[in-house]
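A.B. asks: What follows is a single structure, and I will ask about it in a moment.
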Amino acid sequence: MVIRLDAVATGSQNRRVVKTILLAAAALAVLTGCQSAVEKQRLEEAASGDLPNCARIRVVSGGCGKNSGLTEVYVDNMHKNHAVQVTLRKHSQEGDDDTDYAIAEGGQLFVGCGGGGTSFAVVGCKVLKRQAEKM
């Protein structure tokens, strides 16, 4: 019976390399999970109770559609690096209506025409995701 020593050494060496890779991958997963939890908590704290710094209503005069007596109403995301979910309250003669909108990082969204008894207010805002990845 012939045993090749180089094959035994290579197999043993491979097992050590695999163990090292598995340990490194496990450590990376733990560290990444901790970092994600801290980042999520920081973002939630930044958005809670801070509506003016999360989203705002912007009114543009000069007419809306074919009606020169109305204004265009936009909601602006005040976060340059985070998408947000904004709860907007539309008040009109028919009553109040709350609607959720998702707005991209630093983006804006046309929400309707204001004036003539219709107004809008931000009543809720939360961060949807972490900082956008740069390409």
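Residue numbering restarts at 1 for every chain of the structure tokens, chains are lettered A, B, ... in their displayed order, and ligands are numbered from 1 as they appear.
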What's around A:Glu105 at 9 Å? Count only C-alpha atoms, leave out sequence neighbours fewer than 4 positions away in its own chain, and write the answer as a VMD selection string.
C.D. replies: chain A and resid 77 to 84 131 to 132
A.B. asks: In Å, how far is it from atom CA of A:Tyr101 to atom CA of A:Ser61?
C.D. replies: 22.5 Å
A.B. asks: Please extract the residues of stretch 43-85 of chain A with a backbone DSSP assignment of alpha helix (DSSP H) and present them as a list of chain:residue names.
C.D. replies: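 The alpha helix (DSSP H) subset of stretch 43-85 of chain A is A:Leu43, A:Glu44, A:Glu45, A:Ala46, A:Ala47, A:Leu51, A:Pro52, A:Asn53, A:Cys54.
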A.B. asks: Restricting the calculation to only C-alpha atoms: of A:Leu70, A:Ala55, A:Val75, A:Gly62, which residue gets closest to A:Gln108?
C.D. replies: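 Under the stated criterion, the closest residue is A:Val75.
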A.B. asks: Have a look at atom CA of A:Asn53 and atom CA of A:Gly116 and let me know their distance in Å, one decimal.
C.D. replies: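 Computing the Euclidean distance for atom CA of A:Asn53 and atom CA of A:Gly116 yields 28.0 Å.
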A.B. asks: List the neighbours of A:Gly63 out to 9 Å using only C-alpha atoms; skip same-chain residues closer than 5 positions along the sequence, and give me the result as an MDAnalysis selection string.
C.D. replies: chainID A and resid 68:72 113
